[in-house]
Every structure is written in structure tokens, then in C-alpha cells.
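Encoded as C-alpha cells, the structure appears first; notes follow it.
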Amino acid sequence: MTIEIIHTRSEGTLIEGSAKGDGVYEIVRRHGFRYFPSIGQLGIRQSRDRAAKTWYINAAAAALREAGFEVNVKIDESDRRSFAEAEADRVERAEGRAERFSGYADNAAARSESAHQRGHQIADGIPMGQPILVGHHSERRARRDVERMDHAMRTSISESGKASYWSGRQKAAEGYEQFRKAPRRTLRRIEKLQADLRRVEKWQRGESAGGYCRDITNPDTVQELTIRHEELTEEITYWEAVIAEAEKNGFKVWSKADFKKGDFVRRGNTWFEVLRVNAKSVTIPHIHNGIGGGVVRASDNKLDGWTWLLTYDEVFGRRSAEEMEAALAASTTQYPPS
């Protein structure tokens, strides 16, 4: 029997040629492979849209050969889908999960209500305050009714908990796309991706990055870096388009150009005086000075001069010193309008 372990970035790492009961699963499960019921195949989790995990693949292939199987390993890193295609697929699968979880929650809630009703029906048949009459012919039935009521109530509570759990999972799945595309989170993601891209570009030039170099005389390494460069470029472009759309809808992308020393910046419900303007952040009095909201000036710093770096993705507003004075003058409290 010939077993094929195939990896492409578009499909991930999958095993072809295996059938239930042939012993392959028992061997490869020790090397990172799992069974996927949705497609009826063995494979490695979270291997789609990623480079091959060769340490898992080679270990599984060696173990299968030792057990007498003929094994072919095929890795094609160039077969991949675009980041936009992959992201659309992830959103679609999240929508499918939300629908499934909704069904689970509804079923659990129905079981909880049914058990609750059963318990009450039993209780309604017992006169209020009626004790168990020990030695009476009704004792056995009375004790059985108590057990049935207890079981029904426990079932109701258990199923209610399951309904809450699946309802929470449903809401999380429904909010997947909104969570992924939240502008502030997206800005942080872009910054990280850009750092990754700069690292790859250094390796491609034969320079050290991240504390080490890559062997660019190795064709496999060159191919890997080329693909990774393409992937990162695609992903950055995708998320930059998300930010551009958010800006059209009113989201403000703050930067060094928006601030000068002496301005005020809003973090949450608190305005802080800007002590220094940096490339990726502004320096403000330590945020512990601003617990409860209000305005924190440089002179209000009570923490021995401690400061805080507020990155631009955490900024919710900006006012000049003059605008802040005007807002405070117009306000009847120490909390100027947002």
C-alpha cells in the first residue's frame, strides 16, 4: 500500500491512500496528524496557508516506512491561495460555526426547559409540605419522586449552562469578521507584518535579522523567502485596504504629524498632556495619574516623574492647549466634553 503525504499551502498537509483500519492513523497521530471528519482525511491542524511542518511530515513518513508502508512525500509551497481568498474562507467558516452553535444553544435551552417542566410537574402532584411517610405504602413512590425531581433540576441547570456556553461561542463566531477588522487591532497587525517583511528582506540580501542569517545559497531557502515576501506583501496590502475603508467611515489614523509638545491626547476617558512626540508614540504622564478620568497635566504627575508611552493606535482624540483651556472653561466640572 502506498501512502502519500502531500503539502500545499492552498490545502495544507493531508494524507492520501489511507483507509479506516489500516493502522496509518495509529502511527501518524504520534507525529502531529489528526483525523478531519469534514473531509474524511488525515492531516496536520492549522497547516493550511503555511509553510510545511517538515519535522512532523518526515517523522510520520519514517514511522510509516518502518511499519512496512511505502510512502511518498510531496511538498509544493508554490501552490497557494491569495490572502484575500484565505480570509474570505475563514469568515465563511466562522459564519458556519455561528449557525451550528446557534442550533446547539437552542437545543440545550429546549432540553433545559423540558427538564424544568418535568420537575415542576412532579412537584405539583405532591401536596405542599407533605413529608415522606416512612413505613407507609406511599414511601417508595415518594422517594422515587424526590429522585426524579432532583435529576430533572440538575439536568435543567446543566443544559442551561450548555446553552449559555454555545450562545457565547455563537456570538464570538458572529463577531469574527468585525473582530479581525477592528481598526486599532488592524493597525497593530500591520506594524507587526511590516517588521516581519523588513526581516525577510534583510535575509534576502544576505544580512542578519532577528539575531541570525539565512543561507541564501540554498535554493529551498530562496524559494521559501520569496514566497514569504509575497505573502507578507499581500497581507499588508489587504489590511491597509481595511484601514482605508475605516478612514472613509470616519476612523482617524493618528501619527507624529498630529501632535506637538503641550497638546493633550485622550486615552479612554482621560486627557493627558503630551510631554514628547515620538515616531510611534507620544510620551505622557503615567496613566496611573489619570484613574477615574479628567485632565492630567505634566505638573499633575504624582509618581516621581514616571511617564508612559502611548502608541498612536491607542489614541482617541487630540486637543491643543488652547482648545483644552476653552473646553475646561466651558465645563462645570473638571471633566471636559469628549
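Scheme for the C-alpha cells: letters A, B, ... for chains in order shown; per-chain residue numbers from 1; ligand numbers from 1 in order shown.
Omitting region 137-152 of chain A and its sequence neighbours fewer than 4 positions away, and counting only C-alpha atoms, the residues within 10 Å are A:Ser112, A:Glu113, A:Ser114, A:Ala115, A:His116, A:Gln117, A:Arg118, A:Gly119, A:His120, A:Gln121, A:Ile122, A:Ala123, A:Gly125, A:Ile126, A:Gln130, A:Pro131, A:Ile132, A:Leu133, A:Ser156, A:Ile157, A:Ser158.
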Would you output that residue set with N, CA and C atoms, as a PDB file, in the first residue's frame?
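Result file follows (part_16.pdb):
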```pdb
ATOM      1  N   SER A 112     -33.231  22.098  28.658  1.00  0.00           N
ATOM      2  CA  SER A 112     -33.274  22.681  29.994  1.00  0.00           C
ATOM      3  C   SER A 112     -34.708  22.997  30.399  1.00  0.00           C
ATOM      4  N   GLU A 113     -35.457  23.609  29.500  1.00  0.00           N
ATOM      5  CA  GLU A 113     -36.846  23.964  29.796  1.00  0.00           C
ATOM      6  C   GLU A 113     -37.704  22.717  29.999  1.00  0.00           C
ATOM      7  N   SER A 114     -37.466  21.689  29.167  1.00  0.00           N
ATOM      8  CA  SER A 114     -38.218  20.442  29.296  1.00  0.00           C
ATOM      9  C   SER A 114     -37.965  19.784  30.653  1.00  0.00           C
ATOM     10  N   ALA A 115     -36.695  19.744  31.055  1.00  0.00           N
ATOM     11  CA  ALA A 115     -36.363  19.142  32.353  1.00  0.00           C
ATOM     12  C   ALA A 115     -36.974  19.964  33.489  1.00  0.00           C
ATOM     13  N   HIS A 116     -36.944  21.290  33.345  1.00  0.00           N
ATOM     14  CA  HIS A 116     -37.524  22.164  34.362  1.00  0.00           C
ATOM     15  C   HIS A 116     -39.019  21.886  34.525  1.00  0.00           C
ATOM     16  N   GLN A 117     -39.704  21.737  33.390  1.00  0.00           N
ATOM     17  CA  GLN A 117     -41.140  21.458  33.421  1.00  0.00           C
ATOM     18  C   GLN A 117     -41.433  20.092  34.044  1.00  0.00           C
ATOM     19  N   ARG A 118     -40.591  19.104  33.729  1.00  0.00           N
ATOM     20  CA  ARG A 118     -40.791  17.771  34.309  1.00  0.00           C
ATOM     21  C   ARG A 118     -40.701  17.824  35.825  1.00  0.00           C
ATOM     22  N   GLY A 119     -39.687  18.523  36.318  1.00  0.00           N
ATOM     23  CA  GLY A 119     -39.518  18.646  37.757  1.00  0.00           C
ATOM     24  C   GLY A 119     -40.720  19.291  38.415  1.00  0.00           C
ATOM     25  N   HIS A 120     -41.266  20.348  37.787  1.00  0.00           N
ATOM     26  CA  HIS A 120     -42.411  21.033  38.363  1.00  0.00           C
ATOM     27  C   HIS A 120     -43.678  20.186  38.297  1.00  0.00           C
ATOM     28  N   GLN A 121     -43.814  19.422  37.234  1.00  0.00           N
ATOM     29  CA  GLN A 121     -44.985  18.551  37.132  1.00  0.00           C
ATOM     30  C   GLN A 121     -45.012  17.529  38.267  1.00  0.00           C
ATOM     31  N   ILE A 122     -43.834  16.972  38.576  1.00  0.00           N
ATOM     32  CA  ILE A 122     -43.750  16.014  39.685  1.00  0.00           C
ATOM     33  C   ILE A 122     -44.069  16.713  40.999  1.00  0.00           C
ATOM     34  N   ALA A 123     -43.482  17.919  41.193  1.00  0.00           N
ATOM     35  CA  ALA A 123     -43.711  18.660  42.438  1.00  0.00           C
ATOM     36  C   ALA A 123     -45.168  19.046  42.607  1.00  0.00           C
ATOM     37  N   GLY A 125     -47.711  17.390  41.879  1.00  0.00           N
ATOM     38  CA  GLY A 125     -48.509  16.252  42.310  1.00  0.00           C
ATOM     39  C   GLY A 125     -48.345  15.911  43.773  1.00  0.00           C
ATOM     40  N   ILE A 126     -47.477  16.647  44.459  1.00  0.00           N
ATOM     41  CA  ILE A 126     -47.231  16.383  45.875  1.00  0.00           C
ATOM     42  C   ILE A 126     -47.846  17.515  46.696  1.00  0.00           C
ATOM     43  N   GLN A 130     -45.986  18.181  52.330  1.00  0.00           N
ATOM     44  CA  GLN A 130     -46.177  16.759  52.618  1.00  0.00           C
ATOM     45  C   GLN A 130     -44.825  16.064  52.805  1.00  0.00           C
ATOM     46  N   PRO A 131     -44.560  15.523  54.006  1.00  0.00           N
ATOM     47  CA  PRO A 131     -43.303  14.792  54.207  1.00  0.00           C
ATOM     48  C   PRO A 131     -43.401  13.371  53.663  1.00  0.00           C
ATOM     49  N   ILE A 132     -42.245  12.717  53.574  1.00  0.00           N
ATOM     50  CA  ILE A 132     -42.244  11.302  53.208  1.00  0.00           C
ATOM     51  C   ILE A 132     -42.730  10.503  54.422  1.00  0.00           C
ATOM     52  N   LEU A 133     -43.746   9.717  54.222  1.00  0.00           N
ATOM     53  CA  LEU A 133     -44.336   8.940  55.312  1.00  0.00           C
ATOM     54  C   LEU A 133     -43.621   7.603  55.421  1.00  0.00           C
ATOM     55  N   SER A 156     -31.767  20.349  34.180  1.00  0.00           N
ATOM     56  CA  SER A 156     -32.146  21.683  33.718  1.00  0.00           C
ATOM     57  C   SER A 156     -30.991  22.661  33.895  1.00  0.00           C
ATOM     58  N   ILE A 157     -30.340  22.618  35.055  1.00  0.00           N
ATOM     59  CA  ILE A 157     -29.218  23.520  35.330  1.00  0.00           C
ATOM     60  C   ILE A 157     -28.048  23.224  34.389  1.00  0.00           C
ATOM     61  N   SER A 158     -27.758  21.924  34.199  1.00  0.00           N
ATOM     62  CA  SER A 158     -26.652  21.526  33.326  1.00  0.00           C
ATOM     63  C   SER A 158     -26.888  21.984  31.889  1.00  0.00           C
TER      64      SER A 158
END
```
>> Applying 7 Å and only C-alpha atoms, which residues near Leu232 (chain A) remain after dropping the ones on its own chain fewer than 3 positions away? List them as number ranges by chain.
In response: A: 193, 197, 228-229, 235-236
Hey, can you spit out that residue selection with N, CA and C atoms as a CSV table (one decimal), in the first residue's frame?
```csv
chain,number,residue,atom,x,y,z
A,193,LEU,N,3.4,43.0,10.8
A,193,LEU,CA,3.7,42.4,9.5
A,193,LEU,C,4.8,43.2,8.7
A,197,LEU,N,8.2,41.7,7.3
A,197,LEU,CA,8.7,41.9,6.0
A,197,LEU,C,10.1,42.5,5.9
A,228,ARG,N,7.4,33.8,1.2
A,228,ARG,CA,7.0,34.6,2.4
A,228,ARG,C,6.9,36.1,2.1
A,229,HIS,N,7.8,36.6,1.3
A,229,HIS,CA,7.8,38.0,0.9
A,229,HIS,C,6.5,38.3,0.2
A,235,GLU,N,-0.7,40.4,2.4
A,235,GLU,CA,-1.4,40.6,3.6
A,235,GLU,C,-1.4,42.1,4.1
A,236,ILE,N,-0.3,42.7,4.0
A,236,ILE,CA,-0.2,44.1,4.3
A,236,ILE,C,-1.1,45.0,3.4
```
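Shortest separation to Ser102 (chain A) among A:Ala173, A:Ala67, A:Ile44, A:Ile75 occurs at residue A:Ala173, atoms counted being only C-alpha atoms.
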> Taking only C-alpha atoms into account, which of A:Val222, A:Gln170, A:Arg93, A:Ile15 comes nearest Gly206 (chain A)?
Replying inline: A:Val222
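Near Ala52 (chain A), within 12 Å and counting only C-alpha atoms, sit Ile5, Ile6, His7, Thr8, Arg9, Ser10, Glu11, Gly12, Thr13, Leu14, Gly43, Ile44, Arg45, Gln46, Ser47, Arg48, Tyr56, Ile57, Asn58, Val73, Lys74, Ile75, Asp76, Glu77, Ser78, Asp79, Arg80 and Glu224 of chain A; same-chain residues fewer than 4 positions away were not included.
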> Please, what distance in Å, to one decimal, runs between CA of Gly21 (chain A) and CA of Ala59 (chain A)?
Replying inline: 20.9 Å
>> as a PyMOL selection string, please: the residues near Ala244 (chain A) (cut-off 12 Å, only C-alpha atoms, same-chain neighbours under 5 positions excluded).
In response: chain A and resi 181+183+186-187+237-239+249-253
